[in-house]
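Chemist: You'll find coords-v9.pdb just under this line, and it carries PDB, C-alpha atoms, pLDDT in the B column.
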ATOM      1  CA  ASP R   1    -106.248  12.354  -0.274  1.00 71.00           C
ATOM      2  CA  ASP R   2    -107.692   8.961   0.579  1.00 82.00           C
ATOM      3  CA  HIS R   3    -110.307   8.869  -2.165  1.00 82.00           C
ATOM      4  CA  LYS R   4    -107.742   9.747  -4.813  1.00 85.00           C
ATOM      5  CA  ASN R   5    -105.343   7.107  -3.582  1.00 88.00           C
ATOM      6  CA  TRP R   6    -108.146   4.540  -3.586  1.00 88.00           C
ATOM      7  CA  CYS R   7    -109.170   5.470  -7.130  1.00 89.00           C
ATOM      8  CA  ASP R   8    -105.613   5.406  -8.401  1.00 89.00           C
ATOM      9  CA  THR R   9    -105.062   1.996  -6.862  1.00 90.00           C
ATOM     10  CA  GLU R  10    -108.309   0.525  -8.202  1.00 90.00           C
ATOM     11  CA  VAL R  11    -107.879   1.934 -11.697  1.00 91.00           C
ATOM     12  CA  SER R  12    -104.259   0.751 -11.820  1.00 92.00           C
ATOM     13  CA  LYS R  13    -105.105  -2.741 -10.616  1.00 94.00           C
ATOM     14  CA  THR R  14    -108.070  -3.010 -12.977  1.00 93.00           C
ATOM     15  CA  ASN R  15    -106.098  -1.826 -15.998  1.00 94.00           C
ATOM     16  CA  ALA R  16    -103.328  -4.302 -15.175  1.00 95.00           C
ATOM     17  CA  SER R  17    -105.913  -7.077 -14.880  1.00 95.00           C
ATOM     18  CA  LYS R  18    -107.454  -6.009 -18.193  1.00 94.00           C
ATOM     19  CA  THR R  19    -104.059  -6.077 -19.924  1.00 95.00           C
ATOM     20  CA  ASN R  20    -103.240  -9.453 -18.394  1.00 96.00           C
ATOM     21  CA  LYS R  21    -106.478 -10.992 -19.584  1.00 95.00           C
ATOM     22  CA  GLU R  22    -106.159  -9.508 -23.078  1.00 95.00           C
ATOM     23  CA  GLU R  23    -102.636 -10.919 -23.345  1.00 96.00           C
ATOM     24  CA  LYS R  24    -103.895 -14.278 -22.078  1.00 96.00           C
ATOM     25  CA  ILE R  25    -106.586 -14.328 -24.766  1.00 96.00           C
ATOM     26  CA  VAL R  26    -103.992 -13.564 -27.459  1.00 97.00           C
ATOM     27  CA  SER R  27    -101.839 -16.415 -26.117  1.00 96.00           C
ATOM     28  CA  ILE R  28    -104.808 -18.787 -26.109  1.00 97.00           C
ATOM     29  CA  ASP R  29    -105.696 -17.798 -29.672  1.00 97.00           C
ATOM     30  CA  LEU R  30    -102.134 -18.588 -30.805  1.00 97.00           C
ATOM     31  CA  LYS R  31    -102.310 -21.970 -29.108  1.00 96.00           C
ATOM     32  CA  LEU R  32    -105.715 -22.618 -30.678  1.00 97.00           C
ATOM     33  CA  ASP R  33    -104.429 -21.737 -34.147  1.00 97.00           C
ATOM     34  CA  GLY R  34    -101.455 -24.084 -33.675  1.00 97.00           C
ATOM     35  CA  ALA R  35    -103.602 -26.933 -32.351  1.00 97.00           C
ATOM     36  CA  LYS R  36    -106.147 -26.552 -35.157  1.00 96.00           C
ATOM     37  CA  ALA R  37    -103.356 -26.559 -37.758  1.00 97.00           C
ATOM     38  CA  GLU R  38    -101.951 -29.740 -36.186  1.00 97.00           C
ATOM     39  CA  VAL R  39    -105.388 -31.368 -36.268  1.00 97.00           C
ATOM     40  CA  GLU R  40    -105.611 -30.604 -39.974  1.00 97.00           C
ATOM     41  CA  LEU R  41    -102.157 -32.078 -40.649  1.00 97.00           C
ATOM     42  CA  VAL R  42    -102.906 -35.166 -38.560  1.00 97.00           C
ATOM     43  CA  GLY R  43    -106.241 -35.585 -40.299  1.00 97.00           C
ATOM     44  CA  THR R  44    -104.486 -35.510 -43.678  1.00 97.00           C
ATOM     45  CA  ALA R  45    -101.959 -38.092 -42.459  1.00 97.00           C
ATOM     46  CA  ILE R  46    -104.792 -40.337 -41.242  1.00 97.00           C
ATOM     47  CA  GLN R  47    -106.559 -40.060 -44.599  1.00 97.00           C
ATOM     48  CA  GLU R  48    -103.360 -40.926 -46.463  1.00 97.00           C
ATOM     49  CA  ALA R  49    -102.742 -43.928 -44.206  1.00 97.00           C
ATOM     50  CA  ASP R  50    -106.340 -45.130 -44.611  1.00 97.00           C
ATOM     51  CA  ASP R  51    -106.136 -44.715 -48.402  1.00 97.00           C
ATOM     52  CA  SER R  52    -102.923 -46.750 -48.423  1.00 97.00           C
ATOM     53  CA  ILE R  53    -104.558 -49.452 -46.293  1.00 98.00           C
ATOM     54  CA  ALA R  54    -107.511 -49.617 -48.695  1.00 98.00           C
ATOM     55  CA  LYS R  55    -105.207 -49.928 -51.716  1.00 98.00           C
ATOM     56  CA  LEU R  56    -103.088 -52.620 -50.028  1.00 98.00           C
ATOM     57  CA  THR R  57    -106.216 -54.542 -49.034  1.00 97.00           C
ATOM     58  CA  ALA R  58    -107.556 -54.384 -52.600  1.00 98.00           C
ATOM     59  CA  PHE R  59    -104.162 -55.419 -54.001  1.00 97.00           C
ATOM     60  CA  MET R  60    -103.892 -58.386 -51.634  1.00 97.00           C
ATOM     61  CA  GLU R  61    -107.431 -59.522 -52.418  1.00 97.00           C
ATOM     62  CA  GLU R  62    -106.798 -59.263 -56.163  1.00 97.00           C
ATOM     63  CA  ALA R  63    -103.436 -61.019 -55.872  1.00 97.00           C
ATOM     64  CA  SER R  64    -105.082 -63.832 -53.904  1.00 97.00           C
ATOM     65  CA  GLU R  65    -107.763 -64.223 -56.567  1.00 97.00           C
ATOM     66  CA  VAL R  66    -105.144 -64.283 -59.340  1.00 97.00           C
ATOM     67  CA  ARG R  67    -103.027 -66.793 -57.400  1.00 97.00           C
ATOM     68  CA  SER R  68    -106.031 -69.006 -56.755  1.00 97.00           C
ATOM     69  CA  ALA R  69    -106.958 -68.982 -60.446  1.00 97.00           C
ATOM     70  CA  GLY R  70    -103.343 -69.570 -61.461  1.00 97.00           C
ATOM     71  CA  LYS R  71    -102.962 -72.472 -59.055  1.00 97.00           C
ATOM     72  CA  LYS R  72    -106.168 -74.006 -60.370  1.00 97.00           C
ATOM     73  CA  GLU R  73    -104.966 -73.669 -63.969  1.00 97.00           C
ATOM     74  CA  ASN R  74    -101.530 -75.068 -63.171  1.00 96.00           C
ATOM     75  CA  LEU R  75    -102.930 -78.072 -61.300  1.00 96.00           C
ATOM     76  CA  ALA R  76    -105.358 -78.736 -64.150  1.00 97.00           C
ATOM     77  CA  ALA R  77    -102.516 -78.539 -66.700  1.00 97.00           C
ATOM     78  CA  ILE R  78    -100.379 -80.903 -64.618  1.00 96.00           C
ATOM     79  CA  LYS R  79    -103.281 -83.312 -64.283  1.00 96.00           C
ATOM     80  CA  ASP R  80    -104.006 -83.200 -68.029  1.00 96.00           C
ATOM     81  CA  ALA R  81    -100.338 -83.733 -68.889  1.00 96.00           C
ATOM     82  CA  ARG R  82    -100.187 -86.695 -66.524  1.00 96.00           C
ATOM     83  CA  LYS R  83    -103.372 -88.192 -67.980  1.00 97.00           C
ATOM     84  CA  ALA R  84    -102.040 -87.707 -71.508  1.00 96.00           C
ATOM     85  CA  GLN R  85     -98.821 -89.514 -70.623  1.00 95.00           C
ATOM     86  CA  ASP R  86    -100.767 -92.375 -69.059  1.00 96.00           C
ATOM     87  CA  ALA R  87    -103.027 -92.625 -72.118  1.00 96.00           C
ATOM     88  CA  ILE R  88    -100.049 -92.618 -74.486  1.00 95.00           C
ATOM     89  CA  ALA R  89     -98.316 -95.269 -72.372  1.00 94.00           C
ATOM     90  CA  GLU R  90    -101.399 -97.474 -72.663  1.00 93.00           C
ATOM     91  CA  ALA R  91    -101.567 -96.885 -76.425  1.00 92.00           C
ATOM     92  CA  VAL R  92     -97.878 -97.745 -76.828  1.00 89.00           C
ATOM     93  CA  ALA R  93     -98.393-100.915 -74.783  1.00 89.00           C
ATOM     94  CA  VAL R  94    -101.289-101.947 -77.031  1.00 89.00           C
ATOM     95  CA  LEU R  95     -99.254-101.271 -80.160  1.00 85.00           C
ATOM     96  CA  GLN R  96     -96.263-103.157 -78.808  1.00 83.00           C
ATOM     97  CA  GLN R  97     -98.492-106.119 -78.034  1.00 84.00           C
ATOM     98  CA  PHE R  98     -99.984-105.914 -81.519  1.00 83.00           C
ATOM     99  CA  TYR R  99     -96.569-105.789 -83.158  1.00 79.00           C
ATOM    100  CA  LYS R 100     -95.391-108.650 -80.996  1.00 79.00           C
ATOM    101  CA  GLU R 101     -98.343-110.793 -81.944  1.00 77.00           C
ATOM    102  CA  SER R 102     -98.008-109.831 -85.594  1.00 76.00           C
ATOM    103  CA  GLY R 103     -94.355-110.815 -85.556  1.00 69.00           C
ATOM    104  CA  ALA R 104     -93.113-107.422 -86.620  1.00 62.00           C
ATOM    105  CA  ILE R 105     -91.117-107.219 -83.402  1.00 59.00           C
ATOM    106  CA  ASP R 106     -89.562-110.204 -81.657  1.00 57.00           C
ATOM    107  CA  LYS R 107     -89.642-110.636 -77.885  1.00 59.00           C
ATOM    108  CA  ASP R 108     -86.080-109.501 -77.276  1.00 58.00           C
ATOM    109  CA  ALA R 109     -86.573-106.383 -79.375  1.00 57.00           C
ATOM    110  CA  LEU R 110     -89.808-105.686 -77.526  1.00 55.00           C
ATOM    111  CA  ASP R 111     -88.029-105.925 -74.191  1.00 60.00           C
ATOM    112  CA  LEU R 112     -85.390-103.517 -75.405  1.00 56.00           C
ATOM    113  CA  MET R 113     -88.065-101.170 -76.732  1.00 56.00           C
ATOM    114  CA  GLN R 114     -89.709-101.138 -73.346  1.00 56.00           C
ATOM    115  CA  GLN R 115     -86.353-100.063 -71.899  1.00 57.00           C
ATOM    116  CA  ARG R 116     -86.162 -97.166 -74.371  1.00 49.00           C
ATOM    117  CA  ALA R 117     -83.588 -99.015 -76.464  1.00 35.00           C
ATOM    118  CA  SER R 118     -83.756-100.009 -80.085  1.00 40.00           C
ATOM    119  CA  ALA R 119     -83.457-103.240 -82.030  1.00 38.00           C
ATOM    120  CA  PRO R 120     -83.916-103.733 -85.783  1.00 39.00           C
ATOM    121  CA  VAL R 121     -86.153-106.495 -87.081  1.00 39.00           C
ATOM    122  CA  GLN R 122     -84.051-109.523 -88.081  1.00 43.00           C
ATOM    123  CA  LEU R 123     -84.866-110.570 -91.639  1.00 39.00           C
ATOM    124  CA  GLY R 124     -83.547-113.601 -93.514  1.00 45.00           C
ATOM    125  CA  ASP R 125     -81.406-113.395 -96.638  1.00 48.00           C
ATOM    126  CA  LYS R 126     -84.322-114.401 -98.816  1.00 45.00           C
ATOM    127  CA  PRO R 127     -88.043-113.767 -98.641  1.00 42.00           C
ATOM    128  CA  SER R 128     -88.646-117.503 -98.367  1.00 45.00           C
ATOM    129  CA  THR R 129     -86.981-117.520 -94.914  1.00 44.00           C
ATOM    130  CA  TRP R 130     -89.157-114.776 -93.466  1.00 41.00           C
ATOM    131  CA  GLU R 131     -91.320-116.139 -90.678  1.00 47.00           C
ATOM    132  CA  ALA R 132     -93.163-113.032 -89.589  1.00 44.00           C
ATOM    133  CA  SER R 133     -96.859-112.869 -90.435  1.00 43.00           C
ATOM    134  CA  TYR R 134     -96.562-109.023 -90.739  1.00 42.00           C
ATOM    135  CA  THR R 135     -94.963-107.808 -93.954  1.00 43.00           C
ATOM    136  CA  GLY R 136     -93.415-104.618 -92.585  1.00 42.00           C
ATOM    137  CA  VAL R 137     -89.772-104.264 -93.491  1.00 39.00           C
ATOM    138  CA  ALA R 138     -88.640-102.065 -90.582  1.00 43.00           C
ATOM    139  CA  ASP R 139     -89.163-101.716 -86.855  1.00 53.00           C
ATOM    140  CA  PRO R 140     -92.212 -99.446 -86.524  1.00 50.00           C
ATOM    141  CA  LYS R 141     -90.578 -97.907 -83.439  1.00 49.00           C
ATOM    142  CA  GLN R 142     -87.490 -96.883 -85.385  1.00 55.00           C
ATOM    143  CA  GLN R 143     -89.063 -95.565 -88.544  1.00 48.00           C
ATOM    144  CA  PRO R 144     -88.744 -91.786 -88.747  1.00 35.00           C
ATOM    145  CA  GLY R 145     -92.517 -91.630 -88.793  1.00 41.00           C
ATOM    146  CA  GLY R 146     -93.134 -94.800 -86.808  1.00 76.00           C
ATOM    147  CA  ILE R 147     -96.243 -94.556 -84.670  1.00 84.00           C
ATOM    148  CA  ILE R 148     -94.522 -95.646 -81.462  1.00 84.00           C
ATOM    149  CA  THR R 149     -91.714 -93.131 -82.024  1.00 86.00           C
ATOM    150  CA  VAL R 150     -94.265 -90.392 -82.611  1.00 89.00           C
ATOM    151  CA  LEU R 151     -96.268 -91.324 -79.523  1.00 91.00           C
ATOM    152  CA  GLU R 152     -93.192 -91.458 -77.316  1.00 89.00           C
ATOM    153  CA  LYS R 153     -92.107 -88.040 -78.586  1.00 92.00           C
ATOM    154  CA  ILE R 154     -95.556 -86.665 -77.762  1.00 93.00           C
ATOM    155  CA  SER R 155     -95.388 -88.291 -74.328  1.00 94.00           C
ATOM    156  CA  SER R 156     -91.982 -86.688 -73.794  1.00 94.00           C
ATOM    157  CA  ASP R 157     -93.479 -83.299 -74.689  1.00 95.00           C
ATOM    158  CA  PHE R 158     -96.269 -83.790 -72.171  1.00 95.00           C
ATOM    159  CA  SER R 159     -93.693 -84.834 -69.563  1.00 95.00           C
ATOM    160  CA  GLN R 160     -91.746 -81.641 -70.190  1.00 96.00           C
ATOM    161  CA  MET R 161     -94.971 -79.649 -70.009  1.00 96.00           C
ATOM    162  CA  GLU R 162     -95.731 -81.242 -66.654  1.00 96.00           C
ATOM    163  CA  ALA R 163     -92.255 -80.445 -65.311  1.00 96.00           C
ATOM    164  CA  ASP R 164     -92.369 -76.862 -66.595  1.00 97.00           C
ATOM    165  CA  THR R 165     -95.817 -76.270 -65.103  1.00 96.00           C
ATOM    166  CA  LYS R 166     -94.746 -77.678 -61.732  1.00 97.00           C
ATOM    167  CA  ALA R 167     -91.705 -75.394 -61.752  1.00 97.00           C
ATOM    168  CA  GLN R 168     -93.900 -72.423 -62.709  1.00 96.00           C
ATOM    169  CA  GLU R 169     -96.318 -73.248 -59.906  1.00 97.00           C
ATOM    170  CA  VAL R 170     -93.467 -73.263 -57.372  1.00 97.00           C
ATOM    171  CA  THR R 171     -92.239 -69.881 -58.670  1.00 97.00           C
ATOM    172  CA  ASP R 172     -95.738 -68.371 -58.741  1.00 97.00           C
ATOM    173  CA  GLU R 173     -96.450 -69.524 -55.177  1.00 97.00           C
ATOM    174  CA  LYS R 174     -93.112 -68.202 -53.915  1.00 97.00           C
ATOM    175  CA  ASN R 175     -93.669 -64.790 -55.532  1.00 97.00           C
ATOM    176  CA  TYR R 176     -97.218 -64.660 -54.179  1.00 97.00           C
ATOM    177  CA  LEU R 177     -96.129 -65.441 -50.622  1.00 98.00           C
ATOM    178  CA  GLU R 178     -93.393 -62.802 -50.807  1.00 97.00           C
ATOM    179  CA  GLU R 179     -95.880 -60.209 -52.076  1.00 97.00           C
ATOM    180  CA  MET R 180     -98.338 -61.102 -49.329  1.00 97.00           C
ATOM    181  CA  LYS R 181     -95.621 -60.847 -46.678  1.00 98.00           C
ATOM    182  CA  THR R 182     -94.369 -57.475 -47.925  1.00 97.00           C
ATOM    183  CA  SER R 183     -97.883 -56.074 -48.354  1.00 97.00           C
ATOM    184  CA  GLY R 184     -98.973 -57.462 -44.983  1.00 97.00           C
ATOM    185  CA  ILE R 185     -96.078 -55.763 -43.201  1.00 98.00           C
ATOM    186  CA  GLU R 186     -96.781 -52.448 -44.933  1.00 97.00           C
ATOM    187  CA  LYS R 187    -100.505 -52.736 -44.193  1.00 97.00           C
ATOM    188  CA  ALA R 188     -99.834 -53.432 -40.509  1.00 97.00           C
ATOM    189  CA  ARG R 189     -97.460 -50.438 -40.372  1.00 97.00           C
ATOM    190  CA  ARG R 190    -100.044 -48.178 -41.959  1.00 97.00           C
ATOM    191  CA  GLU R 191    -102.792 -49.447 -39.649  1.00 97.00           C
ATOM    192  CA  LYS R 192    -100.622 -48.709 -36.602  1.00 97.00           C
ATOM    193  CA  GLU R 193     -99.807 -45.283 -38.023  1.00 97.00           C
ATOM    194  CA  SER R 194    -103.499 -44.522 -38.547  1.00 97.00           C
ATOM    195  CA  GLU R 195    -104.301 -45.711 -35.019  1.00 97.00           C
ATOM    196  CA  MET R 196    -101.593 -43.561 -33.423  1.00 97.00           C
ATOM    197  CA  LYS R 197    -102.532 -40.524 -35.507  1.00 97.00           C
ATOM    198  CA  ALA R 198    -106.174 -40.964 -34.487  1.00 97.00           C
ATOM    199  CA  GLN R 199    -105.125 -40.951 -30.825  1.00 97.00           C
ATOM    200  CA  GLU R 200    -103.012 -37.841 -31.450  1.00 97.00           C
ATOM    201  CA  LYS R 201    -105.952 -36.140 -33.154  1.00 97.00           C
ATOM    202  CA  LYS R 202    -108.184 -36.988 -30.195  1.00 97.00           C
ATOM    203  CA  ARG R 203    -105.670 -35.446 -27.763  1.00 97.00           C
ATOM    204  CA  LEU R 204    -105.432 -32.319 -29.914  1.00 97.00           C
ATOM    205  CA  GLU R 205    -109.211 -31.997 -30.100  1.00 97.00           C
ATOM    206  CA  GLU R 206    -109.398 -32.334 -26.306  1.00 97.00           C
ATOM    207  CA  LYS R 207    -106.704 -29.656 -26.030  1.00 97.00           C
ATOM    208  CA  ILE R 208    -108.687 -27.369 -28.354  1.00 97.00           C
ATOM    209  CA  ALA R 209    -111.826 -27.913 -26.293  1.00 97.00           C
ATOM    210  CA  SER R 210    -109.903 -27.059 -23.127  1.00 97.00           C
ATOM    211  CA  LEU R 211    -108.376 -23.936 -24.703  1.00 97.00           C
ATOM    212  CA  GLU R 212    -111.748 -22.759 -25.969  1.00 97.00           C
ATOM    213  CA  LYS R 213    -113.211 -23.271 -22.499  1.00 97.00           C
ATOM    214  CA  SER R 214    -110.304 -21.317 -20.995  1.00 97.00           C
ATOM    215  CA  LYS R 215    -110.759 -18.573 -23.603  1.00 96.00           C
ATOM    216  CA  LYS R 216    -114.459 -18.283 -22.803  1.00 97.00           C
ATOM    217  CA  HIS R 217    -113.709 -18.074 -19.075  1.00 97.00           C
ATOM    218  CA  THR R 218    -111.022 -15.422 -19.682  1.00 96.00           C
ATOM    219  CA  ASN R 219    -113.364 -13.468 -21.961  1.00 96.00           C
ATOM    220  CA  ASP R 220    -115.994 -13.531 -19.216  1.00 96.00           C
ATOM    221  CA  GLU R 221    -113.408 -12.250 -16.736  1.00 95.00           C
ATOM    222  CA  LEU R 222    -112.323  -9.546 -19.183  1.00 95.00           C
ATOM    223  CA  GLY R 223    -115.946  -8.510 -19.579  1.00 95.00           C
ATOM    224  CA  ALA R 224    -116.260  -8.196 -15.819  1.00 95.00           C
ATOM    225  CA  VAL R 225    -113.070  -6.112 -15.683  1.00 94.00           C
ATOM    226  CA  ASP R 226    -114.330  -3.814 -18.450  1.00 94.00           C
ATOM    227  CA  GLN R 227    -117.598  -3.396 -16.582  1.00 93.00           C
ATOM    228  CA  TYR R 228    -115.734  -2.550 -13.379  1.00 91.00           C
ATOM    229  CA  LEU R 229    -113.738   0.117 -15.204  1.00 91.00           C
ATOM    230  CA  LYS R 230    -116.985   1.612 -16.467  1.00 92.00           C
ATOM    231  CA  ASP R 231    -118.349   1.538 -12.959  1.00 90.00           C
ATOM    232  CA  LEU R 232    -115.215   3.269 -11.681  1.00 88.00           C
ATOM    233  CA  SER R 233    -115.408   6.010 -14.298  1.00 87.00           C
ATOM    234  CA  PRO R 234    -118.123   8.158 -12.682  1.00 86.00           C
ATOM    235  CA  ALA R 235    -116.518   7.991  -9.250  1.00 81.00           C
ATOM    236  CA  CYS R 236    -112.850   8.211 -10.183  1.00 86.00           C
ATOM    237  CA  LEU R 237    -112.436   9.568 -13.694  1.00 73.00           C
ATOM    238  CA  GLU R 238    -115.295  12.038 -14.227  1.00 68.00           C
ATOM    239  CA  GLY R 239    -116.011  15.379 -12.449  1.00 54.00           C
ATOM    240  CA  ASP R 240    -115.473  16.355  -8.816  1.00 53.00           C
ATOM    241  CA  SER R 241    -117.027  13.431  -6.986  1.00 51.00           C
ATOM    242  CA  THR R 242    -116.689  13.007  -3.256  1.00 52.00           C
ATOM    243  CA  TYR R 243    -114.750  10.164  -1.634  1.00 49.00           C
ATOM    244  CA  GLU R 244    -118.030   8.609  -0.536  1.00 55.00           C
ATOM    245  CA  ASP R 245    -119.287   8.731  -4.162  1.00 53.00           C
ATOM    246  CA  ARG R 246    -116.149   7.115  -5.466  1.00 44.00           C
ATOM    247  CA  LYS R 247    -116.076   4.489  -2.761  1.00 51.00           C
ATOM    248  CA  ALA R 248    -119.731   3.686  -3.428  1.00 55.00           C
ATOM    249  CA  ALA R 249    -118.888   3.154  -7.104  1.00 49.00           C
TER
END
Rewrite the structure from the file as structure tokens, please.
Modeler:
Amino acid sequence: DDHKNWCDTEVSKTNASKTNKEEKIVSIDLKLDGAKAEVELVGTAIQEADDSIAKLTAFMEEASEVRSAGKKENLAAIKDARKAQDAIAEAVAVLQQFYKESGAIDKDALDLMQQRASAPVQLGDKPSTWEASYTGVADPKQQPGGIITVLEKISSDFSQMEADTKAQEVTDEKNYLEEMKTSGIEKARREKESEMKAQEKKRLEEKIASLEKSKKHTNDELGAVDQYLKDLSPACLEGDSTYEDRKAA
């Protein structure tokens, strides 16, 4: 009869709608679980990138401080070595002038000494022919322990120290610049990674919000369907109701 056909149709349609909405909720829950898991993974990746950025920043700051201190020390050492050489040169000049005036070194020998050459003091065959007012018997520059020889050796050491320090400064600066370049590139890469991951996390969170909104709406619809089935029960599923009763339900 008509009322039975109507009930069968309504119950069938409502049950199908109920099943559809239940399946939709299950699907949404699966999507939510996946999105939430992705958010967690992305959040971990962001934290790792940020930690790496912090470490690189600290390393670069420390390296810059060390380089600054090293440069200062190297420049001071170079300056001291240069000053020492200048002071020794002045001392040697004073000694040479003293020896010249004392007669221990003649003018030609002095000229040769100033050119880093050597010249022995010329002595006569007999003491009576000696004309020098200084009684030294050897060139003070050429004595194994001669003061000028010692001073020039010290000056040479300072010169080598200056050259070595300059070379070290060049090497230190080159290594520093290479470290800064490498670290800067890695830091920029990590910063970009963190930025992109943050954008991905934002999209995922927006997706989760949308899914949760959709789930709530579907749950509300499912609640309405369940209520309709309850309302249909007295008219279509319980007792011997009339068509009018069932239609009214």
Chemist: For the contact check between region 158-224 of chain R and region 42-57 of chain R, emit one row per residue of region 158-224 of chain R within 6 Å, containing the shortest atom pair and the distance in Å rounded to one decimal, counting only C-alpha atoms, chain then rising number order, as JSON lines.
Modeler:
{"residue": "R:Lys187", "atom": "CA", "partner": "R:Ile53", "partner_atom": "CA", "distance": 5.6}
{"residue": "R:Arg190", "atom": "CA", "partner": "R:Ala49", "partner_atom": "CA", "distance": 5.5}
{"residue": "R:Ser194", "atom": "CA", "partner": "R:Ile46", "partner_atom": "CA", "distance": 5.1}
Chemist: Given only C-alpha atoms as the basis, pick out the residue of R:Ile208, R:Leu237, R:Ala163, R:Leu229 nearest to Ile78 (chain R).
Modeler: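 Among the listed residues, R:Ala163 lies closest to Ile78 (chain R).
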Chemist: When you draw a straight line from CA of Glu90 (chain R) to CA of Ala167 (chain R), how long is it in Å?
Modeler: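 These two atoms are separated by 26.5 Å.
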Chemist: My list of candidates is R:Asp86, R:Glu22, R:Glu40, R:Glu65. Which is closest to Ser156 (chain R) when distances are computed with all atoms listed in the file?
Modeler: R:Asp86
Chemist: CA of Val225 (chain R) and CA of Thr14 (chain R), how far apart in Å?
Modeler: 6.5 Å
Chemist: Determine the nearest neighbour of Lys215 (chain R) from the options R:Ala76, R:Ala235, R:Met180, R:Ile25, counting all atoms listed in the file.
Modeler: R:Ile25
Chemist: Evaluated on this file, the PyMOL selection byres ((chain R and resi 158) around 9) picks out some residues - which ones are they, written as a PyMOL selection string?
Modeler: chain R and resi 80-82+84-85+153-157+159-163
Chemist: Could you give me the axis-aligned bounding box of region 199-213 of chain R, with 8 Å of padding per side, as centre plus edge lengths in Å to one decimal, as JSON?
Modeler:
{"center_x": -108.1, "center_y": -31.9, "center_z": -27.8, "size_x": 26.2, "size_y": 34.2, "size_z": 26.7}
Chemist: Once the PyMOL selection byres ((chain R and resi 92-94) around 10) has been evaluated on this model, what residues remain selected, and can you format them as a list in words?
Modeler: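 This file, filtered by the PyMOL selection byres ((chain R and resi 92-94) around 10), leaves Asp86, Ala87, Ile88, Ala89, Glu90, Ala91, Leu95, Gln96, Gln97, Phe98, Tyr99, Lys100, Gln114, Lys141, Ile147, Ile148, Thr149, Leu151 and Glu152 of chain R.
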Chemist: Could you check how far CA of Gly34 (chain R) sits from CA of Leu204 (chain R), in Å to one decimal?
Modeler: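 Calculated distance between CA of Gly34 (chain R) and CA of Leu204 (chain R) is 9.9 Å.
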Chemist: Given the choices R:Ile185, R:Ala58, R:Leu222, R:Cys236, which gets closest to Lys24 (chain R) if the distance is worked out from all atoms listed in the file?
Modeler: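 The shortest atom-to-atom distance to Lys24 (chain R) comes from R:Leu222.
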Chemist: Check what the PyMOL selection byres ((chain R and resi 205) around 12) selects in the file above and give those residues as a list in words.
Modeler: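 Given this file, the PyMOL selection byres ((chain R and resi 205) around 12) evaluates to Leu32, Gly34, Ala35, Lys36, Ala37, Glu38, Val39, Glu40, Val42, Gly43, Ala198, Gln199, Glu200, Lys201, Lys202, Arg203, Leu204, Glu206, Lys207, Ile208, Ala209, Ser210, Leu211 and Glu212 of chain R.
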Chemist: List as a list in words: which residues have an atom within 9 Å of (-111.7, -0.8, -9.4), counting only C-alpha atoms?
Modeler: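 It turns out the residues near that spot are Trp6, Cys7, Asp8, Thr9, Glu10, Val11, Ser12, Lys13, Thr14, Asn15, Val225, Tyr228, Leu229, Asp231, Leu232 and Ala249 of chain R.
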Chemist: For region 67-71 of chain R, work out the shell of residues within 10 Å, counting only C-alpha atoms and skipping chain neighbours fewer than 3 positions away, then give it as a count of residues only.
Modeler: 16
